[in-house]
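S.K.: To be precise about what I am sending: the file is called data.pdb and holds PDB, C-alpha atoms.
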ATOM      1  CA  MET Q1184     -19.538 -21.702  19.496
ATOM      2  CA  GLN Q1185     -17.942 -22.361  16.108
ATOM      3  CA  PRO Q1186     -14.314 -21.143  15.860
ATOM      4  CA  PHE Q1187     -13.880 -17.953  13.836
ATOM      5  CA  ALA Q1188     -11.382 -19.543  11.415
ATOM      6  CA  SER Q1189     -13.870 -22.279  10.453
ATOM      7  CA  LEU Q1190     -16.635 -19.831   9.525
ATOM      8  CA  THR Q1191     -17.542 -18.935   5.963
ATOM      9  CA  PRO Q1192     -16.520 -15.438   4.796
ATOM     10  CA  MET Q1193     -20.110 -14.331   5.414
ATOM     11  CA  GLY Q1194     -20.023 -15.781   8.924
ATOM     12  CA  GLN Q1195     -16.750 -14.020   9.716
ATOM     13  CA  THR Q1196     -18.157 -10.757   8.386
ATOM     14  CA  ARG Q1197     -21.160 -11.043  10.693
ATOM     15  CA  ARG Q1198     -18.867 -11.306  13.691
ATOM     16  CA  LEU Q1199     -16.721  -8.423  12.473
ATOM     17  CA  ARG Q1200     -19.877  -6.348  12.171
ATOM     18  CA  ALA Q1201     -20.188  -6.761  15.944
ATOM     19  CA  VAL Q1202     -16.606  -5.478  16.247
ATOM     20  CA  ALA Q1203     -17.581  -2.460  14.165
ATOM     21  CA  HIS Q1204     -20.580  -1.671  16.373
ATOM     22  CA  ALA Q1205     -18.419  -2.003  19.492
ATOM     23  CA  ALA Q1206     -15.806   0.356  18.064
ATOM     24  CA  LEU Q1207     -18.369   2.960  16.986
ATOM     25  CA  GLN Q1208     -19.622   3.261  20.551
ATOM     26  CA  HIS Q1209     -16.394   5.170  21.237
ATOM     27  CA  TYR Q1210     -17.228   7.933  18.729
ATOM     28  CA  ALA Q1211     -19.601  10.863  19.055
ATOM     29  CA  ILE Q1212     -21.766   9.765  16.142
ATOM     30  CA  THR Q1213     -25.181   8.152  15.878
ATOM     31  CA  VAL Q1214     -25.033   5.309  13.379
ATOM     32  CA  ARG Q1215     -27.943   5.099  10.954
ATOM     33  CA  ARG Q1216     -26.567   2.341   8.735
ATOM     34  CA  LEU Q1217     -23.531   0.083   8.670
ATOM     35  CA  SER Q1218     -22.726  -1.686   5.399
ATOM     36  CA  LEU Q1219     -19.820  -3.830   4.284
ATOM     37  CA  LEU Q1220     -17.502  -2.178   1.760
ATOM     38  CA  THR Q1221     -14.683  -4.629   1.251
ATOM     39  CA  VAL Q1222     -12.835  -7.585   2.707
ATOM     40  CA  ASP Q1223      -9.206  -7.629   1.647
ATOM     41  CA  THR Q1224      -6.112  -7.177   3.769
ATOM     42  CA  ASN Q1225      -8.510  -5.471   6.191
ATOM     43  CA  THR Q1226     -12.286  -5.370   6.556
ATOM     44  CA  ILE Q1227     -13.915  -2.002   5.868
ATOM     45  CA  PHE Q1228     -17.468  -0.941   6.645
ATOM     46  CA  ARG Q1229     -19.231   2.153   5.397
ATOM     47  CA  VAL Q1230     -20.821   4.121   8.222
ATOM     48  CA  ASP Q1231     -23.788   6.395   7.527
ATOM     49  CA  ALA Q1232     -24.447   8.702  10.462
ATOM     50  CA  ALA Q1233     -27.817  10.126  11.448
ATOM     51  CA  ASN Q1234     -26.598  13.673  10.690
ATOM     52  CA  GLY Q1235     -25.817  12.765   7.071
ATOM     53  CA  GLU Q1236     -22.053  12.376   7.515
ATOM     54  CA  ARG Q1237     -20.357   9.295   6.071
ATOM     55  CA  TYR Q1238     -17.266   7.446   7.231
ATOM     56  CA  ALA Q1239     -15.262   4.302   6.549
ATOM     57  CA  LEU Q1240     -14.424   2.077   9.513
ATOM     58  CA  ARG Q1241     -11.341  -0.079   8.959
ATOM     59  CA  ILE Q1242     -10.904  -3.196  11.080
ATOM     60  CA  SER Q1243      -7.402  -4.625  11.130
ATOM     61  CA  THR Q1244      -6.607  -8.215  10.262
ATOM     62  CA  PRO Q1245      -4.111  -9.697  12.743
ATOM     63  CA  GLY Q1246      -0.660 -10.123  11.247
ATOM     64  CA  GLN Q1247      -1.156  -7.688   8.369
ATOM     65  CA  HIS Q1248       0.170  -4.497   9.944
ATOM     66  CA  SER Q1249       1.596  -3.785  13.358
ATOM     67  CA  LEU Q1250       0.504  -1.182  15.889
ATOM     68  CA  ASN Q1251       3.704   0.674  14.989
ATOM     69  CA  ASP Q1252       2.660   0.746  11.305
ATOM     70  CA  ASN Q1253      -0.781   2.105  12.180
ATOM     71  CA  LEU Q1254       0.637   4.833  14.416
ATOM     72  CA  ILE Q1255       3.064   5.946  11.689
ATOM     73  CA  GLU Q1256       0.232   6.072   9.176
ATOM     74  CA  ILE Q1257      -1.856   8.247  11.499
ATOM     75  CA  ALA Q1258       1.072  10.499  12.387
ATOM     76  CA  TRP Q1259       1.811  11.287   8.736
ATOM     77  CA  LEU Q1260      -1.848  11.689   7.762
ATOM     78  CA  THR Q1261      -2.532  14.154  10.555
ATOM     79  CA  ALA Q1262       0.653  16.079   9.672
ATOM     80  CA  LEU Q1263      -0.334  16.207   5.986
ATOM     81  CA  ALA Q1264      -3.791  17.506   6.889
ATOM     82  CA  ARG Q1265      -2.199  20.144   9.118
ATOM     83  CA  ASP Q1266       0.673  21.249   6.867
ATOM     84  CA  THR Q1267      -0.454  20.848   3.250
ATOM     85  CA  THR Q1268      -3.354  21.308   0.863
ATOM     86  CA  LEU Q1269      -3.113  17.719  -0.346
ATOM     87  CA  LYS Q1270      -6.379  15.820  -0.171
ATOM     88  CA  VAL Q1271      -5.723  12.636   1.775
ATOM     89  CA  VAL Q1272      -7.841  10.241   3.777
ATOM     90  CA  THR Q1273      -8.364  11.697   7.260
ATOM     91  CA  PRO Q1274      -8.612   9.701  10.502
ATOM     92  CA  VAL Q1275     -11.196  10.703  13.110
ATOM     93  CA  ALA Q1276     -10.362  10.777  16.817
ATOM     94  CA  ASN Q1277     -12.621   8.890  19.212
ATOM     95  CA  GLN Q1278     -14.096  10.413  22.341
ATOM     96  CA  GLN Q1279     -10.883   9.676  24.241
ATOM     97  CA  GLY Q1280      -8.882  11.644  21.654
ATOM     98  CA  ASP Q1281      -7.265   8.536  20.159
ATOM     99  CA  TYR Q1282      -7.221   7.617  16.481
ATOM    100  CA  LEU Q1283      -6.956   3.884  17.126
ATOM    101  CA  THR Q1284      -9.787   2.066  18.863
ATOM    102  CA  PRO Q1285      -8.895  -1.476  19.972
ATOM    103  CA  VAL Q1286     -11.769  -3.932  20.286
ATOM    104  CA  THR Q1287     -11.680  -7.374  21.883
ATOM    105  CA  LEU Q1288     -14.714  -9.652  21.655
ATOM    106  CA  PRO Q1289     -14.944 -13.285  22.792
ATOM    107  CA  THR Q1290     -16.403 -14.280  19.398
ATOM    108  CA  VAL Q1291     -13.450 -12.909  17.392
ATOM    109  CA  PRO Q1292      -9.834 -14.024  17.893
ATOM    110  CA  GLU Q1293      -7.256 -11.443  18.921
ATOM    111  CA  GLU Q1294      -7.628  -7.738  19.411
ATOM    112  CA  ARG Q1295      -8.833  -5.798  16.366
ATOM    113  CA  ARG Q1296      -7.544  -2.254  15.884
ATOM    114  CA  CYS Q1297     -10.193  -0.011  14.361
ATOM    115  CA  VAL Q1298      -9.699   3.311  12.601
ATOM    116  CA  LEU Q1299     -12.562   5.609  11.628
ATOM    117  CA  LEU Q1300     -11.823   7.575   8.448
ATOM    118  CA  ARG Q1301     -13.725  10.421   6.878
ATOM    119  CA  TRP Q1302     -15.514   9.374   3.714
ATOM    120  CA  ILE Q1303     -13.657   9.948   0.465
ATOM    121  CA  PRO Q1304     -16.010  10.951  -2.359
ATOM    122  CA  GLY Q1305     -15.797  10.046  -6.024
ATOM    123  CA  HIS Q1306     -14.598   6.913  -7.783
ATOM    124  CA  SER Q1307     -11.368   5.009  -8.067
ATOM    125  CA  LEU Q1308      -8.810   6.380 -10.520
ATOM    126  CA  ALA Q1309      -8.201   2.763 -11.555
ATOM    127  CA  ARG Q1310     -11.303   2.886 -13.784
ATOM    128  CA  GLN Q1311      -9.415   4.966 -16.330
ATOM    129  CA  VAL Q1312      -6.054   6.716 -16.195
ATOM    130  CA  SER Q1313      -5.260   9.356 -18.796
ATOM    131  CA  PRO Q1314      -1.926  11.145 -19.262
ATOM    132  CA  ALA Q1315      -3.525  14.179 -17.593
ATOM    133  CA  HIS Q1316      -4.394  12.011 -14.584
ATOM    134  CA  ALA Q1317      -0.850  10.629 -14.487
ATOM    135  CA  TYR Q1318       0.551  14.167 -14.604
ATOM    136  CA  THR Q1319      -1.571  15.175 -11.604
ATOM    137  CA  LEU Q1320      -0.564  12.042  -9.749
ATOM    138  CA  GLY Q1321       3.086  12.945 -10.359
ATOM    139  CA  THR Q1322       2.586  16.411  -8.874
ATOM    140  CA  MET Q1323       0.928  14.879  -5.826
ATOM    141  CA  MET Q1324       3.734  12.387  -5.242
ATOM    142  CA  ALA Q1325       6.236  15.262  -5.451
ATOM    143  CA  ALA Q1326       4.205  17.157  -2.829
ATOM    144  CA  LEU Q1327       4.182  14.077  -0.587
ATOM    145  CA  HIS Q1328       7.961  13.806  -0.882
ATOM    146  CA  ASP Q1329       8.408  17.523  -0.167
ATOM    147  CA  HIS Q1330       6.433  17.151   3.029
ATOM    148  CA  ALA Q1331       8.126  13.883   3.966
ATOM    149  CA  GLY Q1332      11.460  15.678   4.050
ATOM    150  CA  THR Q1333      10.174  17.923   6.849
ATOM    151  CA  VAL Q1334       7.898  15.715   8.950
ATOM    152  CA  GLN Q1335       9.162  14.566  12.334
ATOM    153  CA  LEU Q1336       7.786  11.299  13.666
ATOM    154  CA  PRO Q1337       7.766  10.571  17.402
ATOM    155  CA  PRO Q1338      11.078   8.870  18.284
ATOM    156  CA  SER Q1339       9.181   5.830  19.561
ATOM    157  CA  LEU Q1340       7.992   4.974  16.028
ATOM    158  CA  SER Q1341      10.178   2.991  13.628
ATOM    159  CA  PRO Q1342       8.927   2.772  10.029
ATOM    160  CA  MET Q1343       9.577  -0.188   7.794
ATOM    161  CA  THR Q1344      12.554   0.402   5.520
ATOM    162  CA  TRP Q1345      12.876  -0.688   1.914
ATOM    163  CA  HIS Q1346      16.520  -1.672   2.182
ATOM    164  CA  THR Q1347      16.149  -5.221   0.919
ATOM    165  CA  VAL Q1348      13.868  -6.937  -1.583
ATOM    166  CA  PHE Q1349      11.537  -8.654   0.895
ATOM    167  CA  TYR Q1350      11.046  -5.889   3.452
ATOM    168  CA  TYR Q1351       7.536  -6.694   4.749
ATOM    169  CA  HIS Q1352       8.201  -7.735   8.335
ATOM    170  CA  HIS Q1353       4.846  -9.526   8.619
ATOM    171  CA  GLU Q1354       5.169 -11.638   5.489
ATOM    172  CA  PRO Q1355       7.296 -14.804   5.373
ATOM    173  CA  VAL Q1356       9.307 -15.485   2.232
ATOM    174  CA  VAL Q1357       8.044 -18.768   0.786
ATOM    175  CA  ILE Q1358       9.931 -19.016  -2.517
ATOM    176  CA  ASP Q1359      12.060 -21.931  -1.270
ATOM    177  CA  ASP Q1360       9.455 -23.405   1.079
ATOM    178  CA  PRO Q1361       8.716 -27.027   0.047
ATOM    179  CA  ALA Q1362       5.053 -26.399   0.799
ATOM    180  CA  TYR Q1363       4.986 -24.043  -2.207
ATOM    181  CA  ALA Q1364       6.980 -26.248  -4.575
ATOM    182  CA  THR Q1365       4.049 -26.640  -6.966
ATOM    183  CA  LEU Q1366       4.102 -22.867  -7.528
ATOM    184  CA  PHE Q1367       7.857 -22.388  -7.564
ATOM    185  CA  SER Q1368       9.545 -24.889  -9.853
ATOM    186  CA  PRO Q1369      13.361 -25.039  -9.911
ATOM    187  CA  ALA Q1370      13.326 -22.812 -13.006
ATOM    188  CA  ARG Q1371      11.100 -20.224 -11.322
ATOM    189  CA  ARG Q1372      13.171 -20.271  -8.152
ATOM    190  CA  SER Q1373      16.346 -19.779 -10.190
ATOM    191  CA  LEU Q1374      14.755 -16.843 -12.020
ATOM    192  CA  ILE Q1375      13.573 -15.242  -8.783
ATOM    193  CA  HIS Q1376      16.944 -15.614  -7.072
ATOM    194  CA  GLU Q1377      18.793 -14.210 -10.092
ATOM    195  CA  VAL Q1378      16.571 -11.140 -10.338
ATOM    196  CA  ALA Q1379      16.643 -10.703  -6.552
ATOM    197  CA  THR Q1380      20.462 -10.649  -6.610
ATOM    198  CA  ILE Q1381      20.427  -7.855  -9.203
ATOM    199  CA  ALA Q1382      17.753  -5.931  -7.307
ATOM    200  CA  GLU Q1383      19.647  -6.238  -4.007
ATOM    201  CA  GLN Q1384      22.734  -4.783  -5.677
ATOM    202  CA  VAL Q1385      20.724  -1.823  -6.978
ATOM    203  CA  LEU Q1386      19.272  -1.261  -3.512
ATOM    204  CA  GLN Q1387      22.776  -1.248  -2.028
ATOM    205  CA  GLU Q1388      24.035   1.193  -4.660
ATOM    206  CA  LEU Q1389      21.052   3.439  -4.005
ATOM    207  CA  ALA Q1390      21.785   3.497  -0.279
ATOM    208  CA  GLN Q1391      25.427   4.399  -0.944
ATOM    209  CA  SER Q1392      24.716   7.192  -3.438
ATOM    210  CA  THR Q1393      21.627   8.879  -2.022
ATOM    211  CA  PRO Q1394      21.094  11.071   1.066
ATOM    212  CA  ASP Q1395      18.948  10.026   3.984
ATOM    213  CA  ARG Q1396      15.757   8.099   3.387
ATOM    214  CA  ILE Q1397      12.389   9.819   3.728
ATOM    215  CA  LEU Q1398       8.864   8.598   4.320
ATOM    216  CA  ILE Q1399       7.285   7.316   1.118
ATOM    217  CA  HIS Q1400       3.711   6.213   0.525
ATOM    218  CA  GLY Q1401       4.770   2.715  -0.467
ATOM    219  CA  ASP Q1402       1.585   1.808  -2.362
ATOM    220  CA  LEU Q1403       0.567   4.785  -4.495
ATOM    221  CA  HIS Q1404      -1.309   3.289  -7.431
ATOM    222  CA  PRO Q1405      -4.582   4.207  -9.176
ATOM    223  CA  SER Q1406      -6.712   1.993  -6.929
ATOM    224  CA  ASN Q1407      -5.511   4.033  -3.951
ATOM    225  CA  VAL Q1408      -6.600   7.336  -5.480
ATOM    226  CA  HIS Q1409     -10.157   8.633  -5.751
ATOM    227  CA  VAL Q1410     -11.297  11.315  -8.175
ATOM    228  CA  ALA Q1411     -14.202  13.606  -7.334
ATOM    229  CA  ARG Q1412     -15.096  16.750  -9.288
ATOM    230  CA  GLY Q1413     -11.579  17.062 -10.613
ATOM    231  CA  HIS Q1414      -9.921  16.623  -7.214
ATOM    232  CA  PHE Q1415      -7.606  13.728  -6.361
ATOM    233  CA  TYR Q1416      -7.743  12.093  -2.929
ATOM    234  CA  ILE Q1417      -4.934   9.770  -1.814
ATOM    235  CA  LEU Q1418      -5.919   6.729   0.238
ATOM    236  CA  ASP Q1419      -4.293   3.844   2.088
ATOM    237  CA  PHE Q1420      -1.165   4.979   3.900
ATOM    238  CA  GLU Q1421      -0.815   1.665   5.748
ATOM    239  CA  ASP Q1422       2.337   0.700   3.830
ATOM    240  CA  VAL Q1423       4.236   3.925   4.614
ATOM    241  CA  LEU Q1424       7.930   3.194   4.911
ATOM    242  CA  LEU Q1425      11.353   4.754   4.837
ATOM    243  CA  GLY Q1426      12.830   4.743   1.373
ATOM    244  CA  TYR Q1427      13.929   6.906  -1.520
ATOM    245  CA  PRO Q1428      11.678   8.839  -3.900
ATOM    246  CA  VAL Q1429      12.719   6.596  -6.800
ATOM    247  CA  GLN Q1430      11.320   3.601  -4.940
ATOM    248  CA  ASP Q1431       7.918   5.274  -4.646
ATOM    249  CA  VAL Q1432       8.076   6.040  -8.372
ATOM    250  CA  ALA Q1433       8.888   2.394  -9.125
ATOM    251  CA  ILE Q1434       5.829   1.219  -7.189
ATOM    252  CA  THR Q1435       3.563   3.563  -9.126
ATOM    253  CA  PHE Q1436       5.141   2.700 -12.478
ATOM    254  CA  ALA Q1437       4.727  -1.002 -11.720
ATOM    255  CA  ALA Q1438       0.985  -0.418 -11.286
ATOM    256  CA  LEU Q1439       0.673   1.725 -14.421
ATOM    257  CA  ARG Q1440       1.938  -1.163 -16.572
ATOM    258  CA  ARG Q1441      -1.565  -2.619 -16.690
ATOM    259  CA  TYR Q1442      -2.731   0.225 -18.929
ATOM    260  CA  PRO Q1443      -2.183  -0.032 -22.714
ATOM    261  CA  GLU Q1444      -0.582   3.412 -22.978
ATOM    262  CA  CYS Q1445       1.630   2.956 -19.922
ATOM    263  CA  GLU Q1446       4.673   4.619 -21.519
ATOM    264  CA  ARG Q1447       2.682   7.787 -22.154
ATOM    265  CA  LEU Q1448       1.449   7.622 -18.563
ATOM    266  CA  TRP Q1449       5.022   7.236 -17.296
ATOM    267  CA  ARG Q1450       6.164  10.285 -19.266
ATOM    268  CA  ALA Q1451       3.221  12.344 -18.038
ATOM    269  CA  PHE Q1452       3.855  11.290 -14.444
ATOM    270  CA  GLU Q1453       7.533  12.285 -14.781
ATOM    271  CA  ALA Q1454       6.536  15.688 -16.187
ATOM    272  CA  GLY Q1455       4.166  16.296 -13.277
ATOM    273  CA  TYR Q1456       6.677  15.225 -10.659
ATOM    274  CA  SER Q1457       9.454  17.293 -12.246
ATOM    275  CA  GLN Q1458       7.412  20.493 -11.976
ATOM    276  CA  SER Q1459       8.546  20.888  -8.393
ATOM    277  CA  ARG Q1460      11.250  18.287  -7.676
ATOM    278  CA  PRO Q1461      14.212  16.813  -9.529
ATOM    279  CA  TRP Q1462      13.293  13.512 -11.186
ATOM    280  CA  PRO Q1463      14.788  10.875  -8.853
ATOM    281  CA  VAL Q1464      15.397   8.101 -11.414
ATOM    282  CA  GLN Q1465      19.117   7.764 -12.122
ATOM    283  CA  SER Q1466      18.835   5.350 -15.051
ATOM    284  CA  ALA Q1467      16.422   3.090 -16.903
ATOM    285  CA  ALA Q1468      18.241   0.061 -15.481
ATOM    286  CA  GLN Q1469      17.770   1.312 -11.923
ATOM    287  CA  LEU Q1470      14.044   1.774 -12.495
ATOM    288  CA  THR Q1471      13.719  -1.640 -14.146
ATOM    289  CA  ALA Q1472      15.457  -3.296 -11.195
ATOM    290  CA  LEU Q1473      13.260  -1.529  -8.632
ATOM    291  CA  ILE Q1474      10.094  -2.428 -10.522
ATOM    292  CA  ALA Q1475      11.372  -6.016 -10.588
ATOM    293  CA  ALA Q1476      11.938  -5.794  -6.828
ATOM    294  CA  ARG Q1477       8.277  -4.829  -6.475
ATOM    295  CA  ASP Q1478       7.324  -7.847  -8.595
ATOM    296  CA  LEU Q1479       9.401 -10.091  -6.343
ATOM    297  CA  MET Q1480       7.432  -8.831  -3.363
ATOM    298  CA  MET Q1481       4.182  -9.396  -5.241
ATOM    299  CA  VAL Q1482       4.975 -12.950  -6.367
ATOM    300  CA  ASN Q1483       5.732 -13.889  -2.773
ATOM    301  CA  TYR Q1484       2.497 -12.212  -1.640
ATOM    302  CA  ALA Q1485       0.405 -13.815  -4.407
ATOM    303  CA  ALA Q1486       1.612 -17.294  -3.520
ATOM    304  CA  GLN Q1487       0.265 -16.881   0.015
ATOM    305  CA  SER Q1488      -2.794 -14.723  -0.545
ATOM    306  CA  GLU Q1489      -4.438 -15.510  -3.884
ATOM    307  CA  ALA Q1490      -7.248 -18.059  -3.852
ATOM    308  CA  ALA Q1491      -5.871 -19.527  -7.118
ATOM    309  CA  PRO Q1492      -2.262 -18.331  -7.095
ATOM    310  CA  GLU Q1493      -0.861 -20.200 -10.135
ATOM    311  CA  ALA Q1494      -2.081 -17.677 -12.705
ATOM    312  CA  ALA Q1495      -0.765 -14.721 -10.696
ATOM    313  CA  VAL Q1496       2.608 -16.370 -10.073
ATOM    314  CA  ALA Q1497       2.949 -17.281 -13.760
ATOM    315  CA  ARG Q1498       2.074 -13.735 -14.831
ATOM    316  CA  ILE Q1499       4.575 -12.139 -12.467
ATOM    317  CA  CYS Q1500       7.321 -14.606 -13.376
ATOM    318  CA  SER Q1501       6.795 -13.686 -17.029
ATOM    319  CA  ARG Q1502       7.462 -10.056 -16.124
ATOM    320  CA  LEU Q1503      10.525 -11.089 -14.144
ATOM    321  CA  MET Q1504      11.884 -12.938 -17.173
ATOM    322  CA  ALA Q1505      11.516  -9.774 -19.250
ATOM    323  CA  ALA Q1506      13.207  -7.710 -16.540
ATOM    324  CA  ARG Q1507      16.085 -10.204 -16.310
ATOM    325  CA  ALA Q1508      16.608  -9.988 -20.079
ATOM    326  CA  GLN Q1509      16.695  -6.178 -19.951
ATOM    327  CA  LEU Q1510      19.031  -6.031 -16.975
ATOM    328  CA  CYS Q1511      21.412  -8.678 -18.288
ATOM    329  CA  ASN Q1512      21.593  -6.989 -21.681
ATOM    330  CA  LYS Q1513      22.375  -3.706 -19.906
ATOM    331  CA  GLU Q1514      25.224  -5.365 -18.009
ATOM    332  CA  ASN Q1515      26.623  -6.837 -21.225
TER     333      ASN Q1515
END
Can you present the structure in this file as structure tokens?
M.R.:
Amino acid sequence: MQPFASLTPMGQTRRLRAVAHAALQHYAITVRRLSLLTVDTNTIFRVDAANGERYALRISTPGQHSLNDNLIEIAWLTALARDTTLKVVTPVANQQGDYLTPVTLPTVPEERRCVLLRWIPGHSLARQVSPAHAYTLGTMMAALHDHAGTVQLPPSLSPMTWHTVFYYHHEPVVIDDPAYATLFSPARRSLIHEVATIAEQVLQELAQSTPDRILIHGDLHPSNVHVARGHFYILDFEDVLLGYPVQDVAITFAALRRYPECERLWRAFEAGYSQSRPWPVQSAAQLTALIAARDLMMVNYAAQSEAAPEAAVARICSRLMAARAQLCNKEN
């Protein structure tokens, strides 16, 4: 049989469909239709049940997130569903009462962890973000942070911590790897190291001046929010980590830059957040440095994950040059 890694994307998807069917045997649902939704960091199938219910089945990709990460995600999601009125993606327990269903098949390498999620209606917020949308998103992030300050994870679980620029434990840093020299010229490497030094200093100052870290979403951007009949639903808690509220804000602001009126969106988001919590940003320079830290993560990710990474690396390095100019001018 042909090795999984040598298959075309369509061939791999066919084998993962078998994983999906194997996983769904552990749930008390009768599957009417199974259709591919997306192949990205994970593979997700839409599940239409015979009773009319819909679900999303997520199949893990080895090396992307650990079992520990998945268990933390589920722990916070179930606590949010229990304790708050926030609309978040909801995991479904299998017939054994577990939220993770591991599947091992001889045709697919390594164990695949599967999670069945209740279907989220509506469309992605990324289609269009207005100031009113940004305001609502700010209120929702504040509610997440309020809850995060009270939630107690099982002591056996250890979240990732954003205490350094490159904090993804599953992702090697390739900036100085000779294999990536065509992407990272000496000038680009110098730029990245200079901005990383500034960002590391800001992260250290934040740790020294701020109380204990809390759980933060770690990837709250418009593509991870659905809108249906005026209601917002927050998706994708896989990147949950320990950090500070300002770091979550920086991640969202980094994503909002793609929209022409991003400054209006930033102000609206701040107004929404500040309705219930103090605004966590200490200075414009701090926010610029944390957004740059996010870009450093993304340029490292793009180099390894994009099919044609040069354009993405060039685009991110352009943003890093602008951030360096702002931060250096602030220091002077």
S.K.: State, in Å with one decimal place, the distance from CA of Ile1399 in chain Q to CA of Phe1420 in chain Q.
M.R.: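 Computing the Euclidean distance for CA of Ile1399 in chain Q and CA of Phe1420 in chain Q yields 9.2 Å.
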S.K.: If I take CA of Pro1463 in chain Q and CA of Tyr1351 in chain Q, how far is one from the other in Å, to one decimal?
M.R.: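 Separating CA of Pro1463 in chain Q from CA of Tyr1351 in chain Q is a distance of 23.4 Å.
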S.K.: With the cut-off set at 9 Å and counting all atoms listed in the file, tabulate each residue of range 1405-1499 of chain Q with an atom at most that distance from an atom of range 1355-1373 of chain Q, showing the nearest atom pair and its distance in Å to one decimal, ordered by chain and increasing number, as a tab-separated table.
M.R.:
residue	atom	partner	partner_atom	distance
Q:Met1480	CA	Q:Val1356	CA	8.9
Q:Val1482	CA	Q:Ile1358	CA	8.7
Q:Asn1483	CA	Q:Val1356	CA	6.4
Q:Tyr1484	CA	Q:Val1356	CA	8.5
Q:Ala1486	CA	Q:Leu1366	CA	7.3
Q:Gln1487	CA	Q:Val1357	CA	8.0
Q:Pro1492	CA	Q:Leu1366	CA	7.8
Q:Glu1493	CA	Q:Leu1366	CA	6.2
Q:Val1496	CA	Q:Leu1366	CA	7.1
Q:Ala1497	CA	Q:Leu1366	CA	8.4
S.K.: I want to know what sits within 7 Å of Arg1229 in chain Q, based on all atoms listed in the file, with residues of the same chain fewer than 4 positions away left out; could you give that as a count of residues only?
M.R.: 7
S.K.: On this structure, the PyMOL selection byres ((chain Q and resi 1378) around 8) would catch which residues? List them as a list in words, sorted by chain and number.
M.R.: Leu1374, Ile1375, His1376, Glu1377, Ala1379, Thr1380, Ile1381, Ala1382, Ala1472, Ala1475, Ala1476, Leu1503, Ala1506 and Arg1507 of chain Q
S.K.: Find the residue from Q:Gln1469, Q:Asn1234, Q:Ser1243, Q:Thr1393 that sits nearest to Val1214 in chain Q; use all atoms listed in the file when measuring.
M.R.: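 When distances to Val1214 in chain Q are compared using all atoms listed in the file, the smallest one comes from Q:Asn1234.
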S.K.: Might you spell out which residues the PyMOL selection byres ((chain Q and resi 1184) around 12) would select in the displayed file, as a ChimeraX atom specification?
M.R.: /Q:1185-1190,1198,1289-1291
